[in-house]
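**Student:** File follows, my_file-v4.pdb with PDB, C-alpha atoms, pLDDT in the B column:
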ATOM      1  CA  MET A   1      -7.322   4.884 -56.999  1.00 57.00           C
ATOM      2  CA  PRO A   2     -10.536   3.725 -58.661  1.00 63.00           C
ATOM      3  CA  ARG A   3     -13.427   2.708 -56.507  1.00 65.00           C
ATOM      4  CA  PRO A   4     -14.785  -0.811 -56.791  1.00 65.00           C
ATOM      5  CA  PRO A   5     -18.234  -0.936 -58.384  1.00 68.00           C
ATOM      6  CA  ARG A   6     -21.132  -0.909 -55.947  1.00 71.00           C
ATOM      7  CA  ARG A   7     -22.999  -4.112 -55.482  1.00 68.00           C
ATOM      8  CA  PRO A   8     -26.756  -3.985 -55.546  1.00 67.00           C
ATOM      9  CA  PRO A   9     -28.406  -4.734 -52.198  1.00 65.00           C
ATOM     10  CA  PRO A  10     -29.433  -8.378 -51.733  1.00 64.00           C
ATOM     11  CA  ALA A  11     -32.944  -9.158 -52.847  1.00 63.00           C
ATOM     12  CA  ARG A  12     -35.339  -9.692 -50.029  1.00 65.00           C
ATOM     13  CA  ALA A  13     -37.184 -12.939 -49.918  1.00 61.00           C
ATOM     14  CA  ALA A  14     -40.903 -12.705 -50.364  1.00 61.00           C
ATOM     15  CA  PRO A  15     -42.873 -13.449 -47.234  1.00 62.00           C
ATOM     16  CA  ALA A  16     -43.716 -17.101 -46.876  1.00 58.00           C
ATOM     17  CA  ALA A  17     -47.132 -18.026 -48.165  1.00 63.00           C
ATOM     18  CA  PRO A  18     -49.442 -19.953 -45.876  1.00 65.00           C
ATOM     19  CA  ASP A  19     -48.907 -23.066 -47.998  1.00 81.00           C
ATOM     20  CA  ASP A  20     -45.120 -22.798 -47.569  1.00 83.00           C
ATOM     21  CA  ALA A  21     -45.419 -22.607 -43.763  1.00 79.00           C
ATOM     22  CA  ALA A  22     -47.632 -25.673 -43.702  1.00 83.00           C
ATOM     23  CA  LEU A  23     -45.212 -27.602 -45.910  1.00 85.00           C
ATOM     24  CA  PHE A  24     -42.317 -26.613 -43.625  1.00 83.00           C
ATOM     25  CA  ARG A  25     -44.101 -27.799 -40.460  1.00 81.00           C
ATOM     26  CA  GLU A  26     -45.013 -31.063 -42.170  1.00 84.00           C
ATOM     27  CA  ALA A  27     -41.379 -31.572 -43.226  1.00 86.00           C
ATOM     28  CA  ILE A  28     -39.833 -31.049 -39.795  1.00 86.00           C
ATOM     29  CA  GLY A  29     -42.428 -32.855 -37.774  1.00 84.00           C
ATOM     30  CA  PRO A  30     -43.548 -32.156 -34.236  1.00 85.00           C
ATOM     31  CA  VAL A  31     -41.606 -29.493 -32.310  1.00 80.00           C
ATOM     32  CA  ARG A  32     -40.938 -29.486 -28.597  1.00 82.00           C
ATOM     33  CA  VAL A  33     -39.843 -26.436 -26.617  1.00 82.00           C
ATOM     34  CA  ILE A  34     -36.474 -26.727 -24.947  1.00 84.00           C
ATOM     35  CA  ALA A  35     -36.246 -25.006 -21.565  1.00 84.00           C
ATOM     36  CA  VAL A  36     -33.294 -22.636 -21.493  1.00 83.00           C
ATOM     37  CA  GLU A  37     -31.773 -21.604 -18.198  1.00 82.00           C
ATOM     38  CA  PRO A  38     -31.065 -17.905 -17.967  1.00 80.00           C
ATOM     39  CA  ALA A  39     -27.411 -17.050 -18.331  1.00 78.00           C
ATOM     40  CA  ALA A  40     -25.663 -16.585 -15.037  1.00 77.00           C
ATOM     41  CA  ILE A  41     -24.609 -13.003 -14.408  1.00 77.00           C
ATOM     42  CA  GLU A  42     -20.989 -12.800 -13.460  1.00 76.00           C
ATOM     43  CA  ALA A  43     -20.555 -10.937 -10.212  1.00 75.00           C
ATOM     44  CA  HIS A  44     -17.778  -8.406 -10.193  1.00 75.00           C
ATOM     45  CA  LYS A  45     -14.792  -9.541  -8.260  1.00 76.00           C
ATOM     46  CA  PRO A  46     -14.328  -7.586  -5.031  1.00 73.00           C
ATOM     47  CA  GLN A  47     -11.523  -5.082  -4.893  1.00 71.00           C
ATOM     48  CA  PRO A  48      -8.426  -6.551  -3.299  1.00 68.00           C
ATOM     49  CA  ASN A  49      -8.106  -5.732   0.360  1.00 67.00           C
ATOM     50  CA  THR A  50      -4.542  -4.575   0.716  1.00 69.00           C
ATOM     51  CA  ARG A  51      -2.900  -5.198   3.996  1.00 66.00           C
ATOM     52  CA  ARG A  52      -2.708  -2.228   6.289  1.00 69.00           C
ATOM     53  CA  HIS A  53      -4.413   0.084   3.784  1.00 67.00           C
ATOM     54  CA  ASP A  54      -6.269   2.033   6.472  1.00 73.00           C
ATOM     55  CA  GLU A  55      -3.169   2.266   8.662  1.00 76.00           C
ATOM     56  CA  ASP A  56      -1.085   3.495   5.720  1.00 73.00           C
ATOM     57  CA  GLU A  57      -3.661   6.148   4.834  1.00 73.00           C
ATOM     58  CA  ALA A  58      -3.828   7.345   8.450  1.00 74.00           C
ATOM     59  CA  GLU A  59      -0.026   7.503   8.670  1.00 74.00           C
ATOM     60  CA  ALA A  60       0.155   9.473   5.417  1.00 71.00           C
ATOM     61  CA  LEU A  61      -2.362  11.965   6.803  1.00 70.00           C
ATOM     62  CA  ARG A  62      -0.390  12.341  10.045  1.00 70.00           C
ATOM     63  CA  GLU A  63       2.824  12.886   8.072  1.00 67.00           C
ATOM     64  CA  SER A  64       1.214  15.514   5.865  1.00 63.00           C
ATOM     65  CA  LEU A  65       0.084  17.400   8.954  1.00 63.00           C
ATOM     66  CA  ARG A  66       3.609  17.288  10.399  1.00 58.00           C
ATOM     67  CA  GLN A  67       5.213  18.932   7.363  1.00 50.00           C
ATOM     68  CA  PRO A  68       5.570  22.657   8.116  1.00 48.00           C
ATOM     69  CA  LEU A  69       7.462  23.342   4.895  1.00 45.00           C
ATOM     70  CA  ASP A  70       4.734  22.715   2.373  1.00 41.00           C
ATOM     71  CA  ALA A  71       3.805  24.945  -0.532  1.00 42.00           C
ATOM     72  CA  LEU A  72       0.621  26.116   1.181  1.00 44.00           C
ATOM     73  CA  ALA A  73       2.541  27.427   4.179  1.00 40.00           C
ATOM     74  CA  TYR A  74       4.812  29.480   1.934  1.00 37.00           C
ATOM     75  CA  ALA A  75       1.978  30.681  -0.255  1.00 38.00           C
ATOM     76  CA  MET A  76       0.204  32.307   2.683  1.00 44.00           C
ATOM     77  CA  GLY A  77       0.677  36.029   3.120  1.00 43.00           C
ATOM     78  CA  GLU A  78       2.650  37.866   5.768  1.00 77.00           C
ATOM     79  CA  VAL A  79      -0.303  38.288   8.119  1.00 86.00           C
ATOM     80  CA  LEU A  80      -1.801  35.267   9.881  1.00 89.00           C
ATOM     81  CA  GLU A  81      -5.559  35.276  10.403  1.00 91.00           C
ATOM     82  CA  TYR A  82      -8.113  32.589  11.218  1.00 93.00           C
ATOM     83  CA  ARG A  83     -11.586  32.528  12.777  1.00 92.00           C
ATOM     84  CA  ARG A  84     -13.999  29.681  13.430  1.00 92.00           C
ATOM     85  CA  ASP A  85     -17.509  30.249  12.095  1.00 92.00           C
ATOM     86  CA  GLU A  86     -18.982  30.148  15.589  1.00 92.00           C
ATOM     87  CA  LEU A  87     -16.982  33.231  16.647  1.00 92.00           C
ATOM     88  CA  PRO A  88     -18.389  36.620  15.596  1.00 93.00           C
ATOM     89  CA  MET A  89     -16.260  38.665  13.206  1.00 94.00           C
ATOM     90  CA  ALA A  90     -16.279  41.479  15.775  1.00 94.00           C
ATOM     91  CA  ALA A  91     -14.264  39.306  18.176  1.00 94.00           C
ATOM     92  CA  LEU A  92     -11.572  38.723  15.527  1.00 93.00           C
ATOM     93  CA  LYS A  93     -11.420  42.475  14.857  1.00 93.00           C
ATOM     94  CA  ARG A  94     -10.921  43.106  18.583  1.00 94.00           C
ATOM     95  CA  LEU A  95      -8.176  40.459  18.666  1.00 93.00           C
ATOM     96  CA  LYS A  96      -6.433  42.114  15.682  1.00 92.00           C
ATOM     97  CA  ARG A  97      -6.481  45.473  17.471  1.00 92.00           C
ATOM     98  CA  GLY A  98      -4.988  43.861  20.601  1.00 92.00           C
ATOM     99  CA  GLU A  99      -8.006  44.563  22.786  1.00 93.00           C
ATOM    100  CA  PHE A 100      -7.836  41.231  24.618  1.00 93.00           C
ATOM    101  CA  ALA A 101      -5.530  41.016  27.625  1.00 93.00           C
ATOM    102  CA  VAL A 102      -2.739  38.501  26.998  1.00 94.00           C
ATOM    103  CA  GLN A 103      -2.466  36.144  29.993  1.00 95.00           C
ATOM    104  CA  ASP A 104       0.611  34.149  28.916  1.00 94.00           C
ATOM    105  CA  GLU A 105       3.292  34.045  26.233  1.00 95.00           C
ATOM    106  CA  LEU A 106       5.485  31.415  24.590  1.00 95.00           C
ATOM    107  CA  ASP A 107       8.694  32.357  22.758  1.00 93.00           C
ATOM    108  CA  LEU A 108       9.613  29.803  20.087  1.00 92.00           C
ATOM    109  CA  HIS A 109      12.788  31.556  18.880  1.00 87.00           C
ATOM    110  CA  ARG A 110      15.822  29.310  18.315  1.00 86.00           C
ATOM    111  CA  MET A 111      13.815  26.085  18.669  1.00 88.00           C
ATOM    112  CA  ARG A 112      13.918  23.272  16.150  1.00 90.00           C
ATOM    113  CA  VAL A 113      10.578  22.500  14.509  1.00 90.00           C
ATOM    114  CA  ASP A 114       9.942  19.327  16.528  1.00 91.00           C
ATOM    115  CA  GLU A 115      10.839  21.097  19.802  1.00 93.00           C
ATOM    116  CA  ALA A 116       8.654  24.070  18.904  1.00 92.00           C
ATOM    117  CA  GLU A 117       5.686  21.855  18.046  1.00 93.00           C
ATOM    118  CA  ALA A 118       5.928  19.929  21.323  1.00 93.00           C
ATOM    119  CA  ALA A 119       6.335  23.147  23.342  1.00 94.00           C
ATOM    120  CA  LEU A 120       3.388  24.740  21.523  1.00 94.00           C
ATOM    121  CA  ARG A 121       1.071  21.815  22.208  1.00 93.00           C
ATOM    122  CA  ILE A 122       2.023  21.699  25.907  1.00 94.00           C
ATOM    123  CA  PHE A 123       1.689  25.478  26.245  1.00 95.00           C
ATOM    124  CA  LEU A 124      -1.797  25.559  24.687  1.00 94.00           C
ATOM    125  CA  GLY A 125      -2.963  22.680  26.881  1.00 92.00           C
ATOM    126  CA  GLU A 126      -1.743  24.452  30.025  1.00 93.00           C
ATOM    127  CA  ALA A 127      -3.291  27.751  28.914  1.00 94.00           C
ATOM    128  CA  ARG A 128      -6.638  26.063  28.479  1.00 92.00           C
ATOM    129  CA  ARG A 129      -6.383  24.308  31.860  1.00 91.00           C
ATOM    130  CA  ASN A 130      -5.522  27.648  33.498  1.00 92.00           C
ATOM    131  CA  GLN A 131      -8.496  29.220  31.700  1.00 92.00           C
ATOM    132  CA  PHE A 132      -6.388  31.801  29.838  1.00 93.00           C
ATOM    133  CA  PRO A 133      -8.614  33.007  26.991  1.00 93.00           C
ATOM    134  CA  CYS A 134      -5.865  34.893  25.149  1.00 95.00           C
ATOM    135  CA  VAL A 135      -2.182  34.007  24.722  1.00 96.00           C
ATOM    136  CA  ARG A 136       0.669  35.252  22.537  1.00 95.00           C
ATOM    137  CA  LEU A 137       3.071  33.082  20.558  1.00 95.00           C
ATOM    138  CA  VAL A 138       6.354  34.680  19.500  1.00 93.00           C
ATOM    139  CA  HIS A 139       7.727  32.875  16.450  1.00 89.00           C
ATOM    140  CA  GLY A 140       9.657  35.553  14.599  1.00 86.00           C
ATOM    141  CA  LYS A 141       9.391  36.511  10.932  1.00 83.00           C
ATOM    142  CA  GLY A 142      11.860  33.952   9.608  1.00 74.00           C
ATOM    143  CA  LEU A 143      14.085  36.597   8.011  1.00 72.00           C
ATOM    144  CA  ARG A 144      17.317  34.794   8.957  1.00 70.00           C
ATOM    145  CA  SER A 145      16.101  31.320   8.029  1.00 68.00           C
ATOM    146  CA  GLU A 146      17.186  29.905   4.693  1.00 68.00           C
ATOM    147  CA  PHE A 147      13.810  28.099   4.491  1.00 70.00           C
ATOM    148  CA  GLY A 148      11.643  31.134   5.245  1.00 71.00           C
ATOM    149  CA  PRO A 149       9.251  31.508   8.184  1.00 82.00           C
ATOM    150  CA  VAL A 150       9.323  27.881   9.339  1.00 87.00           C
ATOM    151  CA  LEU A 151       8.089  28.478  12.894  1.00 90.00           C
ATOM    152  CA  LYS A 152       5.394  30.859  11.682  1.00 90.00           C
ATOM    153  CA  ALA A 153       4.120  28.180   9.271  1.00 89.00           C
ATOM    154  CA  LEU A 154       4.224  25.617  12.082  1.00 91.00           C
ATOM    155  CA  VAL A 155       2.160  27.880  14.356  1.00 93.00           C
ATOM    156  CA  ASP A 156      -0.390  28.469  11.588  1.00 92.00           C
ATOM    157  CA  ARG A 157      -0.744  24.743  10.853  1.00 92.00           C
ATOM    158  CA  VAL A 158      -0.999  23.607  14.478  1.00 93.00           C
ATOM    159  CA  LEU A 159      -3.499  26.294  15.478  1.00 94.00           C
ATOM    160  CA  ARG A 160      -5.818  25.574  12.529  1.00 92.00           C
ATOM    161  CA  HIS A 161      -6.065  21.899  13.532  1.00 91.00           C
ATOM    162  CA  ARG A 162      -6.839  22.438  17.209  1.00 90.00           C
ATOM    163  CA  GLY A 163     -10.455  22.362  18.331  1.00 90.00           C
ATOM    164  CA  ASP A 164      -9.810  24.619  21.328  1.00 91.00           C
ATOM    165  CA  VAL A 165      -8.594  27.533  19.162  1.00 94.00           C
ATOM    166  CA  LEU A 166     -11.414  29.938  18.295  1.00 94.00           C
ATOM    167  CA  ALA A 167      -9.306  32.479  16.410  1.00 95.00           C
ATOM    168  CA  PHE A 168      -5.782  33.723  15.878  1.00 95.00           C
ATOM    169  CA  CYS A 169      -4.115  36.571  14.051  1.00 95.00           C
ATOM    170  CA  SER A 170      -0.802  38.342  13.720  1.00 92.00           C
ATOM    171  CA  ALA A 171      -0.223  40.630  16.685  1.00 91.00           C
ATOM    172  CA  PRO A 172      -0.484  44.420  16.417  1.00 90.00           C
ATOM    173  CA  ALA A 173       2.857  46.168  15.789  1.00 86.00           C
ATOM    174  CA  ALA A 174       3.233  47.110  19.471  1.00 88.00           C
ATOM    175  CA  GLN A 175       2.961  43.432  20.483  1.00 88.00           C
ATOM    176  CA  GLY A 176       5.339  41.914  17.939  1.00 87.00           C
ATOM    177  CA  GLY A 177       3.607  42.482  14.602  1.00 87.00           C
ATOM    178  CA  THR A 178       3.870  39.615  12.120  1.00 86.00           C
ATOM    179  CA  GLY A 179       6.563  37.999  14.282  1.00 89.00           C
ATOM    180  CA  ALA A 180       3.963  37.091  16.927  1.00 92.00           C
ATOM    181  CA  THR A 181       0.493  35.597  16.933  1.00 94.00           C
ATOM    182  CA  LEU A 182      -2.391  36.280  19.313  1.00 96.00           C
ATOM    183  CA  VAL A 183      -4.569  33.248  20.029  1.00 95.00           C
ATOM    184  CA  LEU A 184      -8.114  33.238  21.382  1.00 95.00           C
ATOM    185  CA  LEU A 185      -8.896  29.954  23.147  1.00 94.00           C
ATOM    186  CA  ARG A 186     -12.230  28.298  23.879  1.00 88.00           C
ATOM    187  CA  GLY A 187     -13.391  28.482  27.481  1.00 76.00           C
ATOM    188  CA  PRO A 188     -13.607  25.378  29.696  1.00 65.00           C
TER     189      PRO A 188
END
Would you write out, as C-alpha cells, the structure that this file holds?

**Tutor:**
Amino acid sequence: MPRPPRRPPPARAAPAAPDDAALFREAIGPVRVIAVEPAAIEAHKPQPNTRRHDEDEAEALRESLRQPLDALAYAMGEVLEYRRDELPMAALKRLKRGEFAVQDELDLHRMRVDEAEAALRIFLGEARRNQFPCVRLVHGKGLRSEFGPVLKALVDRVLRHRGDVLAFCSAPAAQGGTGATLVLLRGP
C-alpha cells in the first residue's frame, strides 16, 4: 500500500512588528479585563455507607473462627506446637518433655464439634479459676474420622485465640502423643 506524500510543516508566521501591534490595538479599541472566577473543584462523592457493614464484617470474622475444617487446619503437621513471645523457649521445651505436672484433663473423644468447643472453653475457664498452670486435652488423632483430625484442629484453633494460653504442644508419647495436647495457662 503506497504511503501518502508527506506534507511540509506549516509556515510559521513572522513575529509581529511593533507597528502591527499598534495597528491592532487601535483597531480593537480599549480593552477591559474580565474577572474570571476560579473553577469549582468537584469534591469526590463519599463512599456509600452500606447498612450493617460493620456488623456483617464482625459476623464473618466470628464465622471464620468457628470453622474447624479449614485448609489451614489440615495443612498443619501432626505435632501441635505454639508459644507466645513472652514465654521463654525453655519453658516450651520443658512442656514438650512433659516436665510440668498436669493438674486436670479433658477428654473430647466422641463429642460433636460444637459440644467439644463449649466443653473446652468451660474447662479452660475453670482451670484458670482453680489456678491450674498445666492441663491436658485428649482429642485423639482423628484416624477414624472421614474428615481427618477435626477435634485436634478445633483444639489448635481455640487455644491460639485465647489470651490465657501461654503455650501448648502435643503430649509426649507416654501421655497420649499426638492424640493429646498439653496446655500451659497464664497465672491469675

**Student:** Measure the distance from atom CA of Val102 of chain A to atom CA of Phe132 of chain A in Å and round it to one decimal.

**Tutor:** 8.1 Å

**Student:** For the PyMOL selection byres ((chain A and resi 96-98) around 7), applied here, can you spell out every residue it catches as number ranges by chain?

**Tutor:** A: 92-95, 99-100, 169, 171-172

**Student:** For Val165 of chain A, which of A:Ala153, A:Leu23, A:Leu143, A:Val135 is the closest residue, counting only C-alpha atoms?

**Tutor:** A:Val135

**Student:** Which residues, named as in the file, does the PyMOL selection byres ((chain A and resi 160) around 12) pick out? Answer as a list in words.

**Tutor:** Leu65, Ala73, Leu80, Glu81, Tyr82, Arg83, Arg84, Ala153, Leu154, Val155, Asp156, Arg157, Val158, Leu159, His161, Arg162, Gly163, Asp164, Val165, Leu166, Ala167, Phe168, Cys169, Val183, Leu184 and Leu185 of chain A

**Student:** Run through the PyMOL selection byres ((chain A and resi 141) around 8) on the given coordinates and return the selected residues as a ChimeraX atom specification.

**Tutor:** /A:139-140,142-143,149,152,178-179

**Student:** Please, could you write that set of residues out with C-alpha atoms as a PDB file, in the coordinates of the input?

**Tutor:**
ATOM      1  CA  HIS A 139       7.727  32.875  16.450  1.00 89.00           C
ATOM      2  CA  GLY A 140       9.657  35.553  14.599  1.00 86.00           C
ATOM      3  CA  GLY A 142      11.860  33.952   9.608  1.00 74.00           C
ATOM      4  CA  LEU A 143      14.085  36.597   8.011  1.00 72.00           C
ATOM      5  CA  PRO A 149       9.251  31.508   8.184  1.00 82.00           C
ATOM      6  CA  LYS A 152       5.394  30.859  11.682  1.00 90.00           C
ATOM      7  CA  THR A 178       3.870  39.615  12.120  1.00 86.00           C
ATOM      8  CA  GLY A 179       6.563  37.999  14.282  1.00 89.00           C
TER       9      GLY A 179
END

**Student:** Go ahead and compute the interatomic distance for atom CA of Val150 of chain A and atom CA of Cys134 of chain A, in Å to one decimal.

**Tutor:**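 Taking atom CA of Val150 of chain A as the start and atom CA of Cys134 of chain A as the end point, the length is 23.0 Å.
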
**Student:** Rounded to one decimal, what separation in Å do you get between atom CA of Arg129 of chain A and atom CA of Asp107 of chain A?

**Tutor:**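 These two atoms are separated by 19.4 Å.
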
**Student:** From the options A:Arg6, A:Arg25, A:Arg128, A:Arg144, which residue's atoms come nearest to Gly187 of chain A, counting all atoms listed in the file?

**Tutor:**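 Under the stated criterion, the closest residue is A:Arg128.
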
**Student:** Env of Glu117 of chain A: 9 Å cut, atoms = all atoms listed in the file, seq-sep filter 3 positions within chain, self excluded. Answer as number ranges by chain.

**Tutor:** A: 112-114, 120-122, 151, 154-155, 158

**Student:** Out of A:Asp54, A:Glu105, A:Asp20, A:Glu26, which residue has the shortest atom-to-atom distance to Gly176 of chain A when counting all atoms listed in the file?

**Tutor:**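 Among the listed residues, A:Glu105 lies closest to Gly176 of chain A.
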